[in-house]
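Asks: Pasting structure-v6.csv here (CSV, C-alpha atoms and all ligand atoms):
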```
chain,number,residue,atom,x,y,z
A,39,MET,CA,55.3,-59.7,74.3
A,40,GLY,CA,52.5,-61.1,72.3
A,41,VAL,CA,50.9,-64.3,71.1
A,42,GLY,CA,53.2,-67.0,69.7
A,43,ARG,CA,57.0,-67.3,69.9
A,44,VAL,CA,58.2,-64.7,67.4
A,45,ARG,CA,61.7,-65.1,66.1
A,46,PRO,CA,64.1,-62.8,68.0
A,47,VAL,CA,65.4,-61.2,64.7
A,48,VAL,CA,61.8,-60.3,63.7
A,49,SER,CA,60.9,-59.1,67.1
A,50,ALA,CA,63.9,-56.8,67.1
A,51,LEU,CA,63.0,-55.3,63.7
A,52,ALA,CA,61.3,-51.9,63.8
A,53,ALA,CA,57.7,-52.0,62.6
A,54,TYR,CA,57.5,-51.0,59.0
A,55,ARG,CA,56.8,-47.2,58.8
A,56,PRO,CA,55.9,-46.2,55.3
A,57,GLY,CA,57.1,-42.7,54.4
A,58,LYS,CA,54.7,-40.0,55.4
A,59,GLY,CA,52.1,-39.4,52.7
A,60,ALA,CA,50.8,-36.0,51.7
A,61,LYS,CA,47.4,-36.6,53.3
A,62,GLN,CA,48.9,-37.5,56.6
A,63,ALA,CA,51.0,-34.4,56.7
A,64,GLU,CA,47.9,-32.3,55.9
A,65,ALA,CA,46.0,-33.9,58.8
A,66,GLU,CA,48.9,-33.5,61.2
A,67,HIS,CA,49.7,-29.9,60.4
A,68,GLY,CA,46.2,-28.7,59.5
A,69,ILE,CA,47.3,-27.7,56.0
A,70,SER,CA,46.1,-28.4,52.5
A,71,ASP,CA,48.0,-28.9,49.2
A,72,ALA,CA,50.8,-31.0,50.7
A,73,ILE,CA,53.2,-32.7,48.2
A,74,LYS,CA,55.2,-35.9,48.8
A,75,ILE,CA,58.6,-35.9,47.3
A,76,ALA,CA,59.9,-38.6,49.7
A,77,SER,CA,59.8,-42.0,48.0
A,78,ASN,CA,61.7,-41.5,44.8
A,79,GLU,CA,58.5,-42.3,42.8
A,80,ASN,CA,58.0,-41.1,39.3
A,81,PRO,CA,55.6,-38.2,39.4
A,82,TYR,CA,54.3,-39.1,35.9
A,83,ALA,CA,51.7,-41.7,35.1
A,84,PRO,CA,52.9,-44.5,32.8
A,85,PRO,CA,52.2,-43.9,29.0
A,86,ALA,CA,48.6,-44.6,27.9
A,87,SER,CA,49.6,-47.8,26.1
A,88,VAL,CA,51.0,-49.2,29.4
A,89,GLN,CA,47.8,-48.2,31.3
A,90,LYS,CA,45.7,-49.8,28.6
A,91,ALA,CA,47.6,-53.1,28.8
A,92,ILE,CA,47.2,-53.1,32.6
A,93,GLN,CA,43.5,-52.4,32.2
A,94,ALA,CA,43.1,-55.2,29.6
A,95,ALA,CA,45.0,-57.6,31.9
A,96,ALA,CA,42.6,-56.8,34.8
A,97,ALA,CA,39.9,-58.9,33.1
A,98,GLY,CA,42.1,-62.0,33.6
A,99,VAL,CA,42.9,-61.7,37.3
A,100,ASN,CA,40.6,-64.6,38.2
A,101,ARG,CA,43.6,-66.8,37.0
A,102,TYR,CA,47.0,-67.0,38.6
A,103,SER,CA,49.8,-65.2,36.8
A,104,ASP,CA,52.4,-67.1,34.8
A,105,HIS,CA,54.8,-67.9,37.8
A,106,GLY,CA,57.9,-67.9,35.6
A,107,ALA,CA,56.8,-64.8,33.7
A,108,ALA,CA,58.0,-66.4,30.4
A,109,GLU,CA,56.9,-63.6,28.1
A,110,LEU,CA,58.4,-60.9,30.2
A,111,ARG,CA,61.6,-62.8,30.7
A,112,ALA,CA,62.0,-63.5,27.0
A,113,LYS,CA,61.4,-59.8,26.2
A,114,LEU,CA,63.9,-58.7,28.8
A,115,ALA,CA,66.5,-61.2,27.5
A,116,ALA,CA,66.1,-60.0,23.9
A,117,TRP,CA,66.3,-56.4,24.9
A,118,LEU,CA,69.3,-56.9,27.1
A,119,ASP,CA,70.9,-59.2,24.6
A,120,VAL,CA,71.5,-62.0,27.1
A,121,ASP,CA,70.3,-65.7,27.3
A,122,GLN,CA,66.8,-66.1,28.8
A,123,ASP,CA,68.3,-68.3,31.6
A,124,CYS,CA,70.3,-65.3,32.7
A,125,VAL,CA,67.2,-63.3,33.7
A,126,ALA,CA,64.9,-63.6,36.7
A,127,VAL,CA,61.9,-61.5,37.5
A,128,GLY,CA,60.7,-60.7,41.0
A,129,CYS,CA,58.2,-58.7,43.0
A,130,GLY,CA,60.0,-55.4,42.5
A,131,SER,CA,63.8,-55.5,42.8
A,132,SER,CA,63.3,-55.6,46.5
A,133,GLY,CA,61.8,-59.0,46.0
A,134,LEU,CA,64.9,-60.1,44.2
A,135,LEU,CA,67.2,-58.7,46.8
A,136,GLN,CA,65.3,-60.7,49.4
A,137,GLN,CA,65.5,-63.8,47.2
A,138,VAL,CA,69.3,-63.4,47.1
A,139,CYS,CA,69.4,-63.4,50.9
A,140,VAL,CA,66.9,-66.3,51.3
A,141,ALA,CA,68.8,-68.4,48.7
A,142,TYR,CA,72.4,-67.6,49.9
A,143,ILE,CA,72.5,-66.4,53.5
A,144,GLU,CA,72.7,-68.8,56.3
A,145,PRO,CA,72.8,-67.9,60.0
A,146,GLY,CA,76.1,-66.1,60.7
A,147,ASP,CA,77.0,-65.5,57.1
A,148,GLU,CA,78.1,-61.9,56.4
A,149,VAL,CA,76.7,-59.5,53.9
A,150,VAL,CA,78.9,-56.4,53.3
A,151,THR,CA,77.5,-53.1,52.2
A,152,PRO,CA,78.6,-49.5,52.2
A,153,TRP,CA,76.5,-47.5,54.6
A,154,ARG,CA,74.4,-45.4,54.4
A,155,SER,CA,72.6,-47.2,51.7
A,156,PHE,CA,69.2,-48.8,50.9
A,157,GLU,CA,67.2,-49.4,54.0
A,158,ALA,CA,65.9,-52.8,52.9
A,159,TYR,CA,69.3,-54.5,53.0
A,160,PRO,CA,69.6,-54.7,56.8
A,161,ILE,CA,66.0,-56.1,57.0
A,162,PHE,CA,66.7,-58.9,54.4
A,163,VAL,CA,69.9,-59.8,56.1
A,164,ALA,CA,68.4,-59.9,59.5
A,165,LEU,CA,65.5,-62.1,58.3
A,166,THR,CA,67.9,-64.7,57.1
A,167,ASN,CA,69.9,-64.5,60.4
A,168,GLY,CA,72.9,-63.1,58.5
A,169,GLU,CA,75.2,-60.4,59.8
A,170,LEU,CA,75.4,-57.1,58.1
A,171,VAL,CA,78.8,-55.6,57.9
A,172,THR,CA,78.6,-51.9,57.1
A,173,VAL,CA,81.4,-49.9,55.6
A,174,PRO,CA,81.2,-46.1,56.0
A,175,LEU,CA,81.0,-44.0,52.9
A,176,ALA,CA,83.9,-41.8,52.0
A,177,GLU,CA,84.0,-38.2,53.2
A,178,ASP,CA,82.6,-37.0,49.8
A,179,HIS,CA,79.6,-39.5,50.2
A,180,SER,CA,81.0,-41.9,47.6
A,181,ILE,CA,81.3,-45.6,48.1
A,182,ASP,CA,84.9,-46.5,49.2
A,183,LEU,CA,85.3,-49.7,47.2
A,184,ASP,CA,88.8,-50.4,48.7
A,185,ALA,CA,87.3,-50.3,52.2
A,186,VAL,CA,84.4,-52.6,51.0
A,187,ALA,CA,86.9,-55.0,49.6
A,188,ALA,CA,88.9,-55.0,52.8
A,189,ALA,CA,85.7,-55.8,54.8
A,190,VAL,CA,85.1,-59.0,52.7
A,191,GLY,CA,86.2,-61.9,54.8
A,192,PRO,CA,85.9,-65.7,55.0
A,193,ARG,CA,82.3,-65.5,56.3
A,194,THR,CA,81.2,-63.1,53.6
A,195,LYS,CA,78.6,-64.5,51.2
A,196,ALA,CA,77.4,-61.4,49.4
A,197,VAL,CA,78.2,-57.7,48.9
A,198,MET,CA,75.4,-55.2,48.2
A,199,LEU,CA,76.3,-52.2,46.1
A,200,ALA,CA,73.6,-49.7,45.2
A,201,THR,CA,74.6,-47.6,42.3
A,202,PRO,CA,73.4,-44.9,42.1
A,203,ASN,CA,73.4,-45.2,45.9
A,204,ASN,CA,70.2,-44.4,47.8
A,205,PRO,CA,70.1,-41.9,49.5
A,206,THR,CA,73.4,-40.3,48.5
A,207,GLY,CA,72.8,-40.5,44.8
A,208,LEU,CA,76.4,-41.1,43.7
A,209,ALA,CA,77.1,-43.9,41.2
A,210,LEU,CA,80.0,-46.3,40.5
A,211,SER,CA,81.4,-46.9,37.0
A,212,THR,CA,81.7,-50.4,35.7
A,213,ALA,CA,85.4,-49.9,35.5
A,214,GLN,CA,85.5,-49.2,39.3
A,215,ILE,CA,83.3,-52.3,40.0
A,216,ALA,CA,85.5,-54.5,37.7
A,217,GLU,CA,88.6,-53.4,39.6
A,218,PHE,CA,86.8,-54.3,42.8
A,219,MET,CA,85.7,-57.7,41.5
A,220,VAL,CA,89.3,-58.7,41.1
A,221,LYS,CA,89.8,-58.4,44.9
A,222,VAL,CA,86.7,-60.4,45.8
A,223,PRO,CA,86.7,-64.2,46.0
A,224,ASP,CA,84.6,-65.7,43.1
A,225,ASP,CA,82.2,-67.4,45.5
A,226,VAL,CA,81.0,-64.1,47.0
A,227,LEU,CA,78.0,-62.7,45.2
A,228,VAL,CA,78.3,-59.0,44.3
A,229,VAL,CA,74.8,-57.6,43.9
A,230,VAL,CA,74.8,-54.4,41.8
A,231,ASP,CA,71.5,-52.8,42.7
A,232,GLU,CA,70.7,-50.4,39.8
A,233,ALA,CA,67.2,-49.2,40.8
A,234,TYR,CA,68.1,-45.8,39.4
A,235,ARG,CA,70.2,-46.8,36.4
A,236,GLU,CA,67.9,-45.0,33.9
A,237,PHE,CA,68.8,-41.6,35.6
A,238,SER,CA,72.5,-42.1,35.7
A,239,ASP,CA,75.2,-41.1,33.2
A,240,PRO,CA,75.5,-43.7,30.5
A,241,ALA,CA,79.3,-43.1,30.4
A,242,LEU,CA,79.5,-45.0,33.7
A,243,GLY,CA,79.0,-48.2,31.7
A,244,ASP,CA,76.4,-51.0,31.7
A,245,PRO,CA,77.0,-53.7,34.4
A,246,VAL,CA,75.0,-56.2,32.3
A,247,LYS,CA,77.3,-55.8,29.3
A,248,ASP,CA,80.5,-55.0,31.1
A,249,LEU,CA,80.4,-57.3,34.2
A,250,VAL,CA,77.9,-60.2,34.2
A,251,GLY,CA,79.7,-62.3,31.5
A,252,ARG,CA,83.1,-61.5,32.8
A,253,PHE,CA,82.4,-62.1,36.5
A,254,PRO,CA,79.9,-64.9,37.1
A,255,ASN,CA,79.4,-63.8,40.7
A,256,VAL,CA,77.9,-60.4,39.7
A,257,VAL,CA,74.1,-60.1,40.1
A,258,VAL,CA,72.5,-57.0,38.6
A,259,THR,CA,69.1,-56.0,39.8
A,260,ARG,CA,66.8,-53.4,38.2
A,261,THR,CA,63.3,-52.3,38.6
A,262,PHE,CA,60.2,-51.0,36.8
A,263,SER,CA,59.3,-49.0,39.9
A,264,LYS,CA,61.3,-45.8,39.4
A,265,ALA,CA,62.0,-44.7,35.8
A,266,TYR,CA,59.1,-46.7,34.3
A,267,GLY,CA,56.5,-45.3,36.7
A,268,LEU,CA,55.2,-48.7,37.9
A,269,ALA,CA,56.1,-48.6,41.6
A,270,GLY,CA,52.6,-49.7,42.6
A,271,LEU,CA,52.6,-52.8,40.5
A,272,ARG,CA,55.9,-54.5,41.8
A,273,SER,CA,58.1,-55.8,39.1
A,274,GLY,CA,61.8,-56.0,38.8
A,275,TYR,CA,64.4,-58.2,37.3
A,276,ALA,CA,67.9,-59.7,37.9
A,277,VAL,CA,70.6,-60.6,35.4
A,278,ALA,CA,73.2,-63.1,36.5
A,279,ASP,CA,74.8,-66.4,35.8
A,280,PRO,CA,72.2,-69.1,35.0
A,281,SER,CA,73.2,-71.1,38.2
A,282,VAL,CA,72.3,-68.1,40.3
A,283,ILE,CA,69.1,-67.4,38.5
A,284,GLU,CA,68.1,-71.0,39.1
A,285,GLN,CA,68.4,-70.6,42.8
A,286,LEU,CA,66.7,-67.2,42.9
A,287,ASP,CA,63.8,-68.7,41.0
A,288,LYS,CA,63.4,-71.5,43.5
A,289,VAL,CA,62.6,-69.0,46.3
A,290,LEU,CA,60.3,-66.6,44.4
A,291,LEU,CA,57.1,-66.5,46.3
A,292,ALA,CA,54.5,-68.2,44.1
A,293,PHE,CA,52.8,-65.8,41.6
A,294,SER,CA,54.2,-62.7,43.3
A,295,VAL,CA,54.9,-61.1,40.0
A,296,ASN,CA,51.2,-60.7,39.4
A,297,ILE,CA,49.3,-60.5,36.2
A,298,LEU,CA,49.1,-56.7,36.1
A,299,ALA,CA,52.8,-56.3,37.0
A,300,GLN,CA,53.7,-58.6,34.1
A,301,ALA,CA,51.4,-56.9,31.6
A,302,GLY,CA,52.6,-53.4,32.7
A,303,ALA,CA,56.3,-54.4,32.4
A,304,ILE,CA,55.8,-56.0,29.0
A,305,ALA,CA,53.9,-52.9,27.7
A,306,ALA,CA,56.6,-50.6,29.2
A,307,LEU,CA,59.3,-52.4,27.2
A,308,ASP,CA,57.2,-51.6,24.1
A,309,ALA,CA,56.9,-47.9,25.1
A,310,LEU,CA,60.6,-47.2,25.8
A,311,ASP,CA,60.7,-44.1,23.6
A,312,GLU,CA,57.7,-42.5,25.5
A,313,ILE,CA,59.2,-43.4,28.8
A,314,GLN,CA,62.5,-41.9,27.8
A,315,VAL,CA,60.8,-38.6,27.2
A,316,LEU,CA,59.5,-38.6,30.8
A,317,VAL,CA,63.0,-39.6,32.1
A,318,ASP,CA,64.6,-36.8,30.1
A,319,SER,CA,62.2,-34.3,31.5
A,320,LEU,CA,63.0,-35.5,35.0
A,321,LEU,CA,66.8,-35.2,34.2
A,322,ALA,CA,66.2,-31.6,33.0
A,323,GLU,CA,64.4,-30.8,36.2
A,324,ARG,CA,67.2,-32.4,38.2
A,325,ALA,CA,69.7,-30.2,36.5
A,326,ARG,CA,67.5,-27.1,37.2
A,327,VAL,CA,67.1,-28.1,40.9
A,328,VAL,CA,70.8,-28.7,41.3
A,329,ASP,CA,71.7,-25.4,39.7
A,330,SER,CA,69.2,-23.5,41.8
A,331,LEU,CA,70.3,-25.0,45.1
A,332,ARG,CA,74.0,-24.5,44.2
A,333,ALA,CA,73.4,-20.9,43.2
A,334,SER,CA,72.1,-20.3,46.7
A,335,GLY,CA,75.2,-21.9,48.2
A,336,VAL,CA,73.9,-25.3,49.2
A,337,ASP,CA,76.6,-28.0,49.0
A,338,PHE,CA,75.7,-31.6,48.1
A,339,PRO,CA,77.0,-34.5,45.9
A,340,ASP,CA,76.2,-34.7,42.2
A,341,PRO,CA,73.0,-36.7,41.9
A,342,GLN,CA,72.8,-39.7,39.5
A,343,GLY,CA,69.3,-40.8,40.5
A,344,ASN,CA,65.9,-39.1,40.5
A,345,PHE,CA,66.6,-37.4,43.9
A,346,VAL,CA,69.1,-35.1,45.6
A,347,TRP,CA,70.8,-35.7,48.9
A,348,LEU,CA,71.3,-32.7,51.1
A,349,PRO,CA,73.7,-33.7,53.9
A,350,ILE,CA,72.6,-31.2,56.5
A,351,GLY,CA,73.6,-33.3,59.5
A,352,ASP,CA,72.2,-32.0,62.8
A,353,ARG,CA,69.7,-29.7,61.1
A,354,THR,CA,68.0,-32.6,59.4
A,355,ASP,CA,65.0,-33.1,61.7
A,356,GLU,CA,64.4,-29.4,62.1
A,357,VAL,CA,64.5,-28.7,58.4
A,358,ALA,CA,62.4,-31.7,57.5
A,359,LEU,CA,59.7,-30.7,60.0
A,360,ALA,CA,59.7,-27.1,58.8
A,361,LEU,CA,59.3,-28.3,55.2
A,362,GLU,CA,56.5,-30.6,56.2
A,363,GLN,CA,54.7,-27.9,58.2
A,364,ARG,CA,54.7,-26.0,54.9
A,365,GLY,CA,53.3,-29.0,53.0
A,366,VAL,CA,56.6,-30.3,51.5
A,367,VAL,CA,57.2,-33.9,52.6
A,368,VAL,CA,60.8,-35.1,52.1
A,369,ARG,CA,62.6,-38.1,53.5
A,370,PRO,CA,64.8,-37.3,56.5
A,371,PHE,CA,67.6,-39.5,57.8
A,372,SER,CA,68.0,-38.1,61.3
A,373,GLY,CA,71.4,-36.6,61.9
A,374,GLU,CA,72.5,-37.1,58.4
A,375,GLY,CA,70.5,-35.4,55.7
A,376,ILE,CA,67.3,-35.2,53.7
A,377,ARG,CA,66.5,-36.9,50.4
A,378,VAL,CA,64.4,-35.0,48.0
A,379,THR,CA,62.7,-36.7,45.0
A,380,ILE,CA,62.8,-34.8,41.7
A,381,SER,CA,59.2,-34.2,40.6
A,382,THR,CA,57.2,-32.1,38.3
A,383,PRO,CA,58.4,-28.5,37.6
A,384,ALA,CA,55.7,-27.1,39.9
A,385,GLU,CA,56.5,-29.4,42.8
A,386,ASN,CA,60.2,-28.8,42.4
A,387,ASP,CA,59.6,-25.0,42.5
A,388,ARG,CA,57.5,-25.5,45.6
A,389,PHE,CA,60.4,-27.4,47.2
A,390,LEU,CA,63.0,-24.8,46.2
A,391,THR,CA,61.0,-21.9,47.5
A,392,THR,CA,60.1,-23.6,50.7
A,393,TYR,CA,63.7,-24.8,51.3
A,394,ALA,CA,65.0,-21.3,50.9
A,395,GLU,CA,62.3,-20.1,53.4
A,396,VAL,CA,63.2,-22.6,56.1
A,397,THR,CA,67.0,-22.6,55.8
A,401,LIG,C1,63.6,-48.2,45.2
A,401,LIG,C2,64.8,-49.1,45.4
A,401,LIG,C3,64.8,-50.4,45.1
A,401,LIG,C4,63.6,-51.2,44.7
A,401,LIG,O1,62.4,-50.9,44.5
A,401,LIG,P1,61.3,-52.0,44.0
A,401,LIG,O2,60.2,-51.1,43.9
A,401,LIG,O3,61.2,-53.0,45.0
A,401,LIG,O4,61.8,-52.5,42.7
A,401,LIG,C5,65.9,-51.1,45.2
A,401,LIG,N1,67.1,-50.6,45.5
A,401,LIG,C6,67.1,-49.3,45.8
A,401,LIG,C7,68.5,-48.7,46.2
A,401,LIG,C8,66.0,-48.5,45.8
A,401,LIG,O5,66.1,-47.2,46.1
```
For the file at hand, write its structure as structure tokens.
Ligand SMILES: *Cc1c(COP(=O)(O)O)cnc(C)c1O
Replies:
Amino acid sequence: MGVGRVRPVVSALAAYRPGKGAKQAEAEHGISDAIKIASNENPYAPPASVQKAIQAAAAGVNRYSDHGAAELRAKLAAWLDVDQDCVAVGCGSSGLLQQVCVAYIEPGDEVVTPWRSFEAYPIFVALTNGELVTVPLAEDHSIDLDAVAAAVGPRTKAVMLATPNNPTGLALSTAQIAEFMVKVPDDVLVVVDEAYREFSDPALGDPVKDLVGRFPNVVVTRTFSKAYGLAGLRSGYAVADPSVIEQLDKVLLAFSVNILAQAGAIAALDALDEIQVLVDSLLAERARVVDSLRASGVDFPDPQGNFVWLPIGDRTDEVALALEQRGVVVRPFSGEGIRVTISTPAENDRFLTTYAEVT
């Protein structure tokens, strides 16, 4: 109950609960020095050149941003070696995923996704009155593409594939996706959500190079939020057939890729070498965390993102709470497991020690 006649699908949505922050955990448990490794953020600030570009752009925020983000789009197209009309920018890649739903999903249309996966998908599908069809992950936590293909039916408009998948961390190769594409009708959009691409094995292939030209119904989404350390600014991009980009552009909320987000993303593309150093250090830490956990007998899938997935099932809530009481905030998925973001060496050590203590 409340004022106004809210749409039933909105009324039924859970209120957005941001992941618990370190400060909140400190207040709740009467502790200090809590760390948050719950949102897959980059623990490192962006390179100085990127920060400087953002600061310089701040002087111009009395103006609206360039709605079409022409400079960023041109730079992305040149870098990715695709035509400019194959690239859209959005308010984070979440913005683009929402645009896909707004542009393509009508009431009753189905969107198929392996599950568990990114928690924003059900929300975007609900908001457009679509129906989410979830396909359970395989026993080994990987995406069962045969089962996903089998779930595509006459009402399916789109398939969402997060690779690496959040929260399980496993990734698909472009060869696997290409094999899947052959089984999917060409009027069904297949969204390849690569929010964590920069942390995954390059041998898995590049969906932009290997899939977009070959299958016009593939939409690749990527983000500056994770590897590039710009989560707070909100910029992401999509690569797809120009006809899809045209529709996505129509439903981009005006100026939502703001001036600072554009400046930061442009500067990040000029600082790729420095960003790679940070990514490499996170990959080295990921290897260290994986080895340490496995050495103590913990079993979990090989991570391809900047996080590890510990499928501890029924112990999830208890372990997450025990960690939190000791100042280590991770992301629990009740009854399934915890997702732990790879961070600085000191924070990773803190997690490893505390996890050993509580399990
Ligand atoms: C973090 C994440 C995104 C998008 O993040 P943005 O900050 O909106 O770019 C998209 N997909 C998955 C699977 C994610 O984990």
Asks: Taking a cut-off of 7 Å and counting all atoms listed in the file, can you build a table that, for each residue of chain A near ligand LIG 401 (chain A), reports the nearest atom pair and how far apart they are in Å (one decimal), sorted by chain then residue number, as a Markdown table?
Replies:
```
| residue | atom | partner | partner_atom | distance |
| --- | --- | --- | --- | --- |
| A:Asn78 | CA | A:LIG401 | C1 | 7.0 |
| A:Cys129 | CA | A:LIG401 | O3 | 6.7 |
| A:Gly130 | CA | A:LIG401 | O4 | 3.4 |
| A:Ser131 | CA | A:LIG401 | O4 | 3.6 |
| A:Ser132 | CA | A:LIG401 | O3 | 3.7 |
| A:Gly133 | CA | A:LIG401 | O3 | 6.1 |
| A:Phe156 | CA | A:LIG401 | C7 | 4.8 |
| A:Ala200 | CA | A:LIG401 | C7 | 5.3 |
| A:Asn203 | CA | A:LIG401 | C7 | 6.0 |
| A:Asn204 | CA | A:LIG401 | C7 | 4.9 |
| A:Asp231 | CA | A:LIG401 | N1 | 5.7 |
| A:Glu232 | CA | A:LIG401 | N1 | 6.7 |
| A:Ala233 | CA | A:LIG401 | N1 | 4.9 |
| A:Arg260 | CA | A:LIG401 | O4 | 6.8 |
| A:Thr261 | CA | A:LIG401 | O4 | 4.4 |
| A:Phe262 | CA | A:LIG401 | O4 | 6.3 |
| A:Ser263 | CA | A:LIG401 | O2 | 4.6 |
| A:Lys264 | CA | A:LIG401 | C1 | 6.7 |
| A:Ala269 | CA | A:LIG401 | O2 | 5.3 |
| A:Arg272 | CA | A:LIG401 | O2 | 5.9 |
| A:Ser273 | CA | A:LIG401 | O4 | 6.1 |
| A:Gly274 | CA | A:LIG401 | O4 | 5.2 |
```
Asks: So how many Å separate atom CA of Ala53 of chain A and atom CA of Ala141 of chain A, to one decimal?
Replies: 24.2 Å
Asks: List the neighbours of segment 371-374 of chain A out to 6 Å using only C-alpha atoms; skip same-chain residues closer than 3 positions along the sequence, and give me the result as a VMD selection string.
Replies: chain A and resid 349 351 to 352 354 to 355
Asks: Mind pulling up the distance from atom CA of Leu175 of chain A to atom CA of Leu286 of chain A?
Replies: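 Spanning atom CA of Leu286 of chain A to atom CA of Leu175 of chain A is a straight-line distance of 29.0 Å.
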Asks: Quick one: of A:Val378, A:Ile75, A:Leu348, A:Ile304, who's nearest to Gly335 of chain A, counting only C-alpha atoms?
Replies: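 Closest candidate: A:Leu348.
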Asks: Taking (82.6, -63.9, 58.3) in the file's coordinates as the center, which residues reach within 9 Å of it, counting all atoms listed in the file, put as a short mmCIF file (atom, residue, chain, number, x, y, z; two decimals) with C-alpha atoms, in the coordinates of the input?
Replies:
```cif
data_model
loop_
_atom_site.label_atom_id
_atom_site.label_comp_id
_atom_site.auth_asym_id
_atom_site.auth_seq_id
_atom_site.Cartn_x
_atom_site.Cartn_y
_atom_site.Cartn_z
CA GLY A 146 76.10 -66.10 60.70
CA ASP A 147 77.00 -65.50 57.10
CA GLU A 148 78.10 -61.90 56.40
CA VAL A 149 76.70 -59.50 53.90
CA GLU A 169 75.20 -60.40 59.80
CA VAL A 190 85.10 -59.00 52.70
CA GLY A 191 86.20 -61.90 54.80
CA PRO A 192 85.90 -65.70 55.00
CA ARG A 193 82.30 -65.50 56.30
CA THR A 194 81.20 -63.10 53.60
CA LYS A 195 78.60 -64.50 51.20
#
```
Asks: Counting all atoms listed in the file, which residues have an atom no more than 6 Å from (84.7, -46.0, 44.0) in the file's coordinates? Please list them as a VMD selection string.
Replies: chain A and resid 181 to 183 210 214
Asks: For each of A:Val127, A:Leu316, A:Leu390, A:Ala83, take the minimum atom-to-atom distance to Val366 of chain A, counting only C-alpha atoms, then give the residue where this is smallest.
Replies: A:Leu390
Asks: Counting only C-alpha atoms, figure out which residue out of A:Ala116, A:Val47, A:Ala126, A:Leu110 gets nearest to Asp287 of chain A.
Replies: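 Of A:Ala116, A:Val47, A:Ala126, A:Leu110, the one nearest Asp287 of chain A, counting only C-alpha atoms, is A:Ala126.
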Asks: Which value, in Å to one decimal, gives the distance between atom CA of Ala112 of chain A and atom CA of Val125 of chain A?
Replies: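 These two atoms are separated by 8.5 Å.
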Asks: Measuring atom to atom with all atoms listed in the file, identify which of A:Leu118, A:Val396, A:Leu134, A:Leu298 is nearest to Gly98 of chain A.
Replies: A:Leu298
Asks: Which of these, A:Pro46, A:Val257, A:Tyr82, A:Tyr102, has the shortest distance to Val315 of chain A once you count only C-alpha atoms?
Replies: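 The answer is A:Tyr82, which sits nearest to Val315 of chain A.
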Asks: Taking into account all atoms listed in the file, which residue in the set A:Thr201, A:Ser103, A:Thr259, A:Thr212 is nearest to Ser294 of chain A?
Replies: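 Once distances to Ser294 of chain A are computed over all atoms listed in the file, the minimum belongs to A:Ser103.
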Asks: Do a neighbour search on Val317 of chain A at 9 Å with only C-alpha atoms, toss out local chain neighbours closer than 3 positions, and write the hits as a PyMOL selection string.
Replies: chain A and resi 80+236-237+265-266+312-314+320-322+344
Asks: Which residues come within 8 Å of Pro202 of chain A, counting all atoms listed in the file, excluding same-chain residues fewer than 5 positions away, as JSON, numbers by chain?
Replies: {"A": [207, 208, 209, 210, 232, 233, 234, 235, 238, 342, 343]}
Asks: Would you kindly return, as a list of chain:residue names, each protein, DNA or RNA residue with an atom no farther than 10 Å from any atom of Ser281 of chain A, considering only C-alpha atoms and excluding same-chain residues fewer than 4 positions away?
Replies: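 Those residues are A:Asp123, A:Cys124, A:Pro254, A:Asn255, A:Gln285, A:Leu286.
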Asks: Leaving out Val88 of chain A and any residue of its chain fewer than 3 positions from it, which residues lie within 10 Å of it when counting all atoms listed in the file, given as a list in words?
Replies: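 Within the cut-off, the hits are Ala83, Pro84, Pro85, Ala91, Ile92, Gln93, Ala94, Tyr266, Gly267, Leu268, Ala301, Gly302, Ala303, Ile304, Ala305, Ala306, Leu307, Asp308 and Ala309 of chain A.
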Asks: Since fewer atoms than expected are present, regenerate N, CA and C atoms for segment 353-362 of chain A and write them as an mmCIF file, in the frame of the given file.
Replies:
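Contents of the output file result-v8.cif:
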```
data_model
loop_
_atom_site.group_PDB
_atom_site.id
_atom_site.type_symbol
_atom_site.label_atom_id
_atom_site.label_comp_id
_atom_site.auth_asym_id
_atom_site.auth_seq_id
_atom_site.Cartn_x
_atom_site.Cartn_y
_atom_site.Cartn_z
ATOM 1 N N ARG A 353 70.914 -30.564 61.386
ATOM 2 C CA ARG A 353 69.700 -29.700 61.100
ATOM 3 C C ARG A 353 68.613 -30.542 60.432
ATOM 4 N N THR A 354 68.888 -31.828 60.162
ATOM 5 C CA THR A 354 68.000 -32.600 59.400
ATOM 6 C C THR A 354 66.526 -32.630 59.900
ATOM 7 N N ASP A 355 66.360 -32.977 61.165
ATOM 8 C CA ASP A 355 65.000 -33.100 61.700
ATOM 9 C C ASP A 355 64.243 -31.809 61.680
ATOM 10 N N GLU A 356 64.966 -30.769 62.074
ATOM 11 C CA GLU A 356 64.400 -29.400 62.100
ATOM 12 C C GLU A 356 63.932 -28.957 60.740
ATOM 13 N N VAL A 357 64.808 -29.115 59.776
ATOM 14 C CA VAL A 357 64.500 -28.700 58.400
ATOM 15 C C VAL A 357 63.368 -29.519 57.813
ATOM 16 N N ALA A 358 63.433 -30.839 58.031
ATOM 17 C CA ALA A 358 62.400 -31.700 57.500
ATOM 18 C C ALA A 358 61.023 -31.360 58.065
ATOM 19 N N LEU A 359 61.011 -31.071 59.360
ATOM 20 C CA LEU A 359 59.700 -30.700 60.000
ATOM 21 C C LEU A 359 59.224 -29.375 59.480
ATOM 22 N N ALA A 360 60.118 -28.417 59.350
ATOM 23 C CA ALA A 360 59.700 -27.100 58.800
ATOM 24 C C ALA A 360 59.165 -27.226 57.415
ATOM 25 N N LEU A 361 59.792 -28.045 56.604
ATOM 26 C CA LEU A 361 59.300 -28.300 55.200
ATOM 27 C C LEU A 361 57.907 -28.887 55.283
ATOM 28 N N GLU A 362 57.788 -29.892 56.144
ATOM 29 C CA GLU A 362 56.500 -30.600 56.200
ATOM 30 C C GLU A 362 55.383 -29.724 56.709
#
```
